[in-house]
Amino acid sequence: MHKLQQQSGHIFDVVSLPEEMVLAVLGHDRYFPVRHGLPQSSTSSGIHGERKGPSLTPVSADATDKPMAASCDDECVSGMGDIRLSEDEKLPSTDGGFPLSRYSWALGVRAAVTHFRPVAHVAWHARGDYLAVTLRDAAARAVVVHQLSRRRSQLPFGRCKGLVQCAVFHPLRPLLFVATQRVVRVYDLVKQELVRKLEPGAQWISALAVHPAGDNLLVASYDRKVMWFDLELSARPYQTLRLHGGAVRSVAFHRRYPLFATAGDDPYIVVSHGMVYNDLLQNPLLVPLKQLAGPSRVAELCVTELRFHPTQPWLLAAGADHSLRLYS
């Protein structure tokens, strides 16, 4: 089974297709339109003088779904978005429908969602059913959470003062990390409240990654710094790494091996050893290991994204020269 996640402008596709089924699927002419309704405003309750977290208000075609209670924190007030996904076989209407043709289905496309702003970042939940999409210059609607199994989407925030850079899920707990320009906020999705606020001390945050164990966090910034947070220790960085000569645009942890990688606008990808111990009295061990030659520089950009293979010691780098490089 091959899985591929494509990101292009306002649209991202989730692709999955077994090779032996290609010929059989080519004869399948069913259309699978996906409708993306316009977000609607909603009056939030319990926001007067309270300091709570965001509300994840589920919206689906099933009228029996009940939205959660709305709440807010010091910068974000929850609202309700309306993104409805239909499974009929009608041609798309003018409300943003995007049909899957026979050719797209044969290529493995199973869902396509059209957003009103360009997609800046996509993060999967560890269980694979949810993904958090960050939109560029979208203000309060910068973060959209999609649930694939139930074909529904959620808008967690109704108002946000900060410029959202990216949002990622905690690998084990129902937490959502939302990075704005200078602050990383951690929200509890069950209690619907702000858990803590992390202050990296950076001028402009670019990316973040959560350790597979969930107790450590990497934060990258455009001012050439990578900050390692021990979430059990402090809201300040445990250690600040200066491994690059340009802006750092991507950081990634390996799920199985004690490795993490950083890359950005300089022509090198730095792979480091990051050992986290079960003993809470022993601090993490961070050791840079190797510099890998990155893609060619285009318009002062080099590496835009990094991802580790979930089980193999392989690193995939997306370059500004429209290339994908696999390192082993």
# chains A, B, ... in the order shown; residues from 1 in each chain; ligands from 1

$ residues_around --residues "Ala140 (chain A)" --least-positions-apart "5" --cutoff "8 Å" --atoms "only C-alpha atoms" --output "PDB file with all heavy atoms, in the first residue's frame"
ATOM      1  N   CYS A  76      -7.454  33.522  22.111  1.00  0.00           N
ATOM      2  CA  CYS A  76      -8.287  32.778  21.191  1.00  0.00           C
ATOM      3  C   CYS A  76      -9.669  32.577  21.788  1.00  0.00           C
ATOM      4  O   CYS A  76      -9.798  32.157  22.928  1.00  0.00           O
ATOM      5  CB  CYS A  76      -7.663  31.422  20.858  1.00  0.00           C
ATOM      6  SG  CYS A  76      -6.055  31.575  20.065  1.00  0.00           S
ATOM      7  N   PHE A 157     -10.813  27.687  16.619  1.00  0.00           N
ATOM      8  CA  PHE A 157     -10.729  29.055  17.128  1.00  0.00           C
ATOM      9  C   PHE A 157     -11.673  29.982  16.376  1.00  0.00           C
ATOM     10  O   PHE A 157     -11.851  29.867  15.169  1.00  0.00           O
ATOM     11  CB  PHE A 157      -9.304  29.581  17.023  1.00  0.00           C
ATOM     12  CG  PHE A 157      -8.283  28.686  17.660  1.00  0.00           C
ATOM     13  CD1 PHE A 157      -7.442  27.906  16.882  1.00  0.00           C
ATOM     14  CD2 PHE A 157      -8.172  28.603  19.032  1.00  0.00           C
ATOM     15  CE1 PHE A 157      -6.512  27.076  17.452  1.00  0.00           C
ATOM     16  CE2 PHE A 157      -7.246  27.769  19.620  1.00  0.00           C
ATOM     17  CZ  PHE A 157      -6.409  27.008  18.837  1.00  0.00           C
ATOM     18  N   GLY A 158     -12.259  30.891  17.117  1.00  0.00           N
ATOM     19  CA  GLY A 158     -13.110  31.902  16.528  1.00  0.00           C
ATOM     20  C   GLY A 158     -12.428  33.241  16.411  1.00  0.00           C
ATOM     21  O   GLY A 158     -12.822  34.079  15.604  1.00  0.00           O
ATOM     22  N   ARG A 159     -11.396  33.479  17.227  1.00  0.00           N
ATOM     23  CA  ARG A 159     -10.622  34.712  17.143  1.00  0.00           C
ATOM     24  C   ARG A 159      -9.226  34.432  17.666  1.00  0.00           C
ATOM     25  O   ARG A 159      -9.057  33.748  18.676  1.00  0.00           O
ATOM     26  CB  ARG A 159     -11.267  35.837  17.962  1.00  0.00           C
ATOM     27  CG  ARG A 159     -10.524  37.168  17.819  1.00  0.00           C
ATOM     28  CD  ARG A 159     -11.220  38.283  18.585  1.00  0.00           C
ATOM     29  NE  ARG A 159     -11.082  38.150  20.038  1.00  0.00           N
ATOM     30  CZ  ARG A 159     -12.076  37.893  20.860  1.00  0.00           C
ATOM     31  NH1 ARG A 159     -13.289  37.716  20.382  1.00  0.00           N
ATOM     32  NH2 ARG A 159     -11.876  37.796  22.160  1.00  0.00           N
ATOM     33  N   CYS A 160      -8.219  34.912  16.997  1.00  0.00           N
ATOM     34  CA  CYS A 160      -6.840  34.696  17.422  1.00  0.00           C
ATOM     35  C   CYS A 160      -6.015  35.918  17.071  1.00  0.00           C
ATOM     36  O   CYS A 160      -5.960  36.344  15.917  1.00  0.00           O
ATOM     37  CB  CYS A 160      -6.276  33.440  16.744  1.00  0.00           C
ATOM     38  SG  CYS A 160      -4.679  32.938  17.403  1.00  0.00           S
ATOM     39  N   LYS A 161      -5.360  36.500  18.072  1.00  0.00           N
ATOM     40  CA  LYS A 161      -4.565  37.700  17.848  1.00  0.00           C
ATOM     41  C   LYS A 161      -3.219  37.406  17.219  1.00  0.00           C
ATOM     42  O   LYS A 161      -2.686  38.218  16.484  1.00  0.00           O
ATOM     43  CB  LYS A 161      -4.365  38.440  19.182  1.00  0.00           C
ATOM     44  CG  LYS A 161      -5.645  38.931  19.829  1.00  0.00           C
ATOM     45  CD  LYS A 161      -5.355  39.649  21.134  1.00  0.00           C
ATOM     46  CE  LYS A 161      -6.640  40.133  21.801  1.00  0.00           C
ATOM     47  NZ  LYS A 161      -6.367  40.809  23.094  1.00  0.00           N
TER      48      LYS A 161
END

$ select_by_dssp --residues "region 85-185 of chain A" --states "alpha helix (DSSP H)" --output "list in words"
Arg102, Tyr103, Ser104, Trp105, Ala106 and Leu107 of chain A

$ atom_distance --atom1 "CA of Tyr277 (chain A)" --atom2 "CA of Lys191 (chain A)"
29.1 Å

$ select_by_dssp --residues "region 90-279 of chain A" --states "strand (DSSP E)" --output "ChimeraX atom specification"
/A:109-114,119-124,130-135,143-147,152-154,159-160,166-169,175-179,184-188,193-198,205-210,216-221,226-230,239-241,248-253,259-264,268-275

$ atom_distance --atom1 "CA of Leu217 (chain A)" --atom2 "CA of Phe229 (chain A)"
4.9 Å

$ closest_residue --among "A:His121, A:Arg196, A:His322, A:Arg151" --to "Pro295 (chain A)" --atoms "only C-alpha atoms"
A:His322

$ residues_around --residues "region 170-180 of chain A" --least-positions-apart "6" --cutoff "9 Å" --atoms "only C-alpha atoms" --output "list in words"
His125, Ala126, Arg127, Val143, Gly162, Leu163, Val164, Val186, Tyr187, Asp188, Leu189, Val190, Val195, Trp204, Ile205, Ser206, Ala207, Leu208, Val210, His211, Pro212, Ala213, Gly214 and Val219 of chain A

$ write_last_selection --atoms "C-alpha atoms" --output "tab-separated table (two decimals), in the first residue's frame"
chain	number	residue	atom	x	y	z
A	125	HIS	CA	-2.35	12.63	14.52
A	126	ALA	CA	-0.49	9.56	15.75
A	127	ARG	CA	-3.54	7.35	15.18
A	143	VAL	CA	-6.20	25.99	12.07
A	162	GLY	CA	-1.34	35.90	17.01
A	163	LEU	CA	-0.16	34.86	13.57
A	164	VAL	CA	-0.38	31.05	13.64
A	186	VAL	CA	-0.67	23.90	24.58
A	187	TYR	CA	-4.40	23.16	24.68
A	188	ASP	CA	-6.22	20.25	26.28
A	189	LEU	CA	-8.84	19.10	23.77
A	190	VAL	CA	-10.89	17.20	26.35
A	195	VAL	CA	-2.73	24.01	29.68
A	204	TRP	CA	9.80	34.40	14.83
A	205	ILE	CA	8.90	30.72	15.25
A	206	SER	CA	8.95	28.69	12.05
A	207	ALA	CA	8.23	25.06	13.01
A	208	LEU	CA	7.91	22.64	15.90
A	210	VAL	CA	6.94	16.79	19.50
A	211	HIS	CA	9.10	13.91	20.74
A	212	PRO	CA	7.41	10.48	20.32
A	213	ALA	CA	7.38	10.07	24.12
A	214	GLY	CA	5.52	13.37	24.40
A	219	VAL	CA	10.97	24.61	18.27

$ residues_around --residues "Ser323 (chain A)" --least-positions-apart "5" --cutoff "12 Å" --atoms "only C-alpha atoms" --output "mmCIF file with all heavy atoms, in the first residue's frame"
data_model
loop_
_atom_site.group_PDB
_atom_site.id
_atom_site.type_symbol
_atom_site.label_atom_id
_atom_site.label_comp_id
_atom_site.auth_asym_id
_atom_site.auth_seq_id
_atom_site.Cartn_x
_atom_site.Cartn_y
_atom_site.Cartn_z
ATOM 1 N N GLY A 294 22.366 19.395 1.421
ATOM 2 C CA GLY A 294 20.968 19.605 1.099
ATOM 3 C C GLY A 294 20.747 19.894 -0.371
ATOM 4 O O GLY A 294 21.679 19.876 -1.185
ATOM 5 N N PRO A 295 19.510 20.181 -0.747
ATOM 6 C CA PRO A 295 19.193 20.507 -2.139
ATOM 7 C C PRO A 295 19.814 21.835 -2.553
ATOM 8 O O PRO A 295 20.370 22.583 -1.739
ATOM 9 C CB PRO A 295 17.659 20.577 -2.145
ATOM 10 C CG PRO A 295 17.231 19.878 -0.900
ATOM 11 C CD PRO A 295 18.324 20.086 0.099
ATOM 12 N N SER A 296 19.722 22.114 -3.827
ATOM 13 C CA SER A 296 20.250 23.370 -4.356
ATOM 14 C C SER A 296 19.422 24.540 -3.847
ATOM 15 O O SER A 296 18.204 24.428 -3.646
ATOM 16 C CB SER A 296 20.233 23.347 -5.889
ATOM 17 O OG SER A 296 20.990 22.271 -6.390
ATOM 18 N N ARG A 297 20.069 25.663 -3.661
ATOM 19 C CA ARG A 297 19.383 26.851 -3.163
ATOM 20 C C ARG A 297 18.675 27.569 -4.296
ATOM 21 O O ARG A 297 19.245 27.810 -5.358
ATOM 22 C CB ARG A 297 20.381 27.786 -2.486
ATOM 23 C CG ARG A 297 19.757 29.059 -1.944
ATOM 24 C CD ARG A 297 20.762 29.867 -1.161
ATOM 25 N NE ARG A 297 21.200 29.163 0.040
ATOM 26 C CZ ARG A 297 22.089 29.669 0.898
ATOM 27 N NH1 ARG A 297 22.644 30.843 0.669
ATOM 28 N NH2 ARG A 297 22.432 28.971 1.966
ATOM 29 N N VAL A 298 17.409 27.923 -4.052
ATOM 30 C CA VAL A 298 16.596 28.643 -5.021
ATOM 31 C C VAL A 298 15.936 29.811 -4.310
ATOM 32 O O VAL A 298 15.210 29.617 -3.329
ATOM 33 C CB VAL A 298 15.518 27.726 -5.642
ATOM 34 C CG1 VAL A 298 14.630 28.522 -6.596
ATOM 35 C CG2 VAL A 298 16.168 26.551 -6.366
ATOM 36 N N CYS A 302 16.418 26.714 0.727
ATOM 37 C CA CYS A 302 17.075 25.437 0.472
ATOM 38 C C CYS A 302 16.143 24.271 0.826
ATOM 39 O O CYS A 302 15.542 23.683 -0.044
ATOM 40 C CB CYS A 302 18.379 25.348 1.262
ATOM 41 S SG CYS A 302 19.416 23.950 0.794
ATOM 42 N N VAL A 303 16.009 23.952 2.103
ATOM 43 C CA VAL A 303 15.139 22.865 2.556
ATOM 44 C C VAL A 303 13.874 23.471 3.158
ATOM 45 O O VAL A 303 13.943 24.352 4.013
ATOM 46 C CB VAL A 303 15.849 21.972 3.590
ATOM 47 C CG1 VAL A 303 14.921 20.863 4.066
ATOM 48 C CG2 VAL A 303 17.114 21.380 2.995
ATOM 49 N N THR A 304 12.734 22.984 2.712
ATOM 50 C CA THR A 304 11.464 23.503 3.215
ATOM 51 C C THR A 304 10.784 22.566 4.207
ATOM 52 O O THR A 304 9.982 23.018 5.022
ATOM 53 C CB THR A 304 10.505 23.768 2.047
ATOM 54 O OG1 THR A 304 10.304 22.557 1.314
ATOM 55 C CG2 THR A 304 11.086 24.829 1.110
ATOM 56 N N GLU A 305 11.078 21.257 4.138
ATOM 57 C CA GLU A 305 10.407 20.316 5.037
ATOM 58 C C GLU A 305 11.256 19.067 5.212
ATOM 59 O O GLU A 305 11.938 18.625 4.282
ATOM 60 C CB GLU A 305 9.032 19.943 4.490
ATOM 61 C CG GLU A 305 8.143 19.218 5.482
ATOM 62 C CD GLU A 305 7.697 20.121 6.614
ATOM 63 O OE1 GLU A 305 7.487 21.329 6.385
ATOM 64 O OE2 GLU A 305 7.568 19.607 7.752
ATOM 65 N N LEU A 316 13.664 12.044 4.678
ATOM 66 C CA LEU A 316 13.176 12.622 3.435
ATOM 67 C C LEU A 316 13.172 14.134 3.562
ATOM 68 O O LEU A 316 12.639 14.680 4.532
ATOM 69 C CB LEU A 316 11.770 12.118 3.125
ATOM 70 C CG LEU A 316 11.162 12.542 1.796
ATOM 71 C CD1 LEU A 316 11.923 11.921 0.638
ATOM 72 C CD2 LEU A 316 9.683 12.151 1.731
ATOM 73 N N ALA A 317 13.784 14.810 2.589
ATOM 74 C CA ALA A 317 13.887 16.264 2.604
ATOM 75 C C ALA A 317 13.257 16.831 1.348
ATOM 76 O O ALA A 317 13.539 16.371 0.232
ATOM 77 C CB ALA A 317 15.347 16.702 2.703
ATOM 78 N N ALA A 318 12.401 17.823 1.515
ATOM 79 C CA ALA A 318 11.790 18.530 0.396
ATOM 80 C C ALA A 318 12.550 19.829 0.175
ATOM 81 O O ALA A 318 12.733 20.624 1.100
ATOM 82 C CB ALA A 318 10.319 18.817 0.682
#

$ atom_distance --atom1 "CA of Ala123 (chain A)" --atom2 "CA of Pro313 (chain A)"
20.4 Å
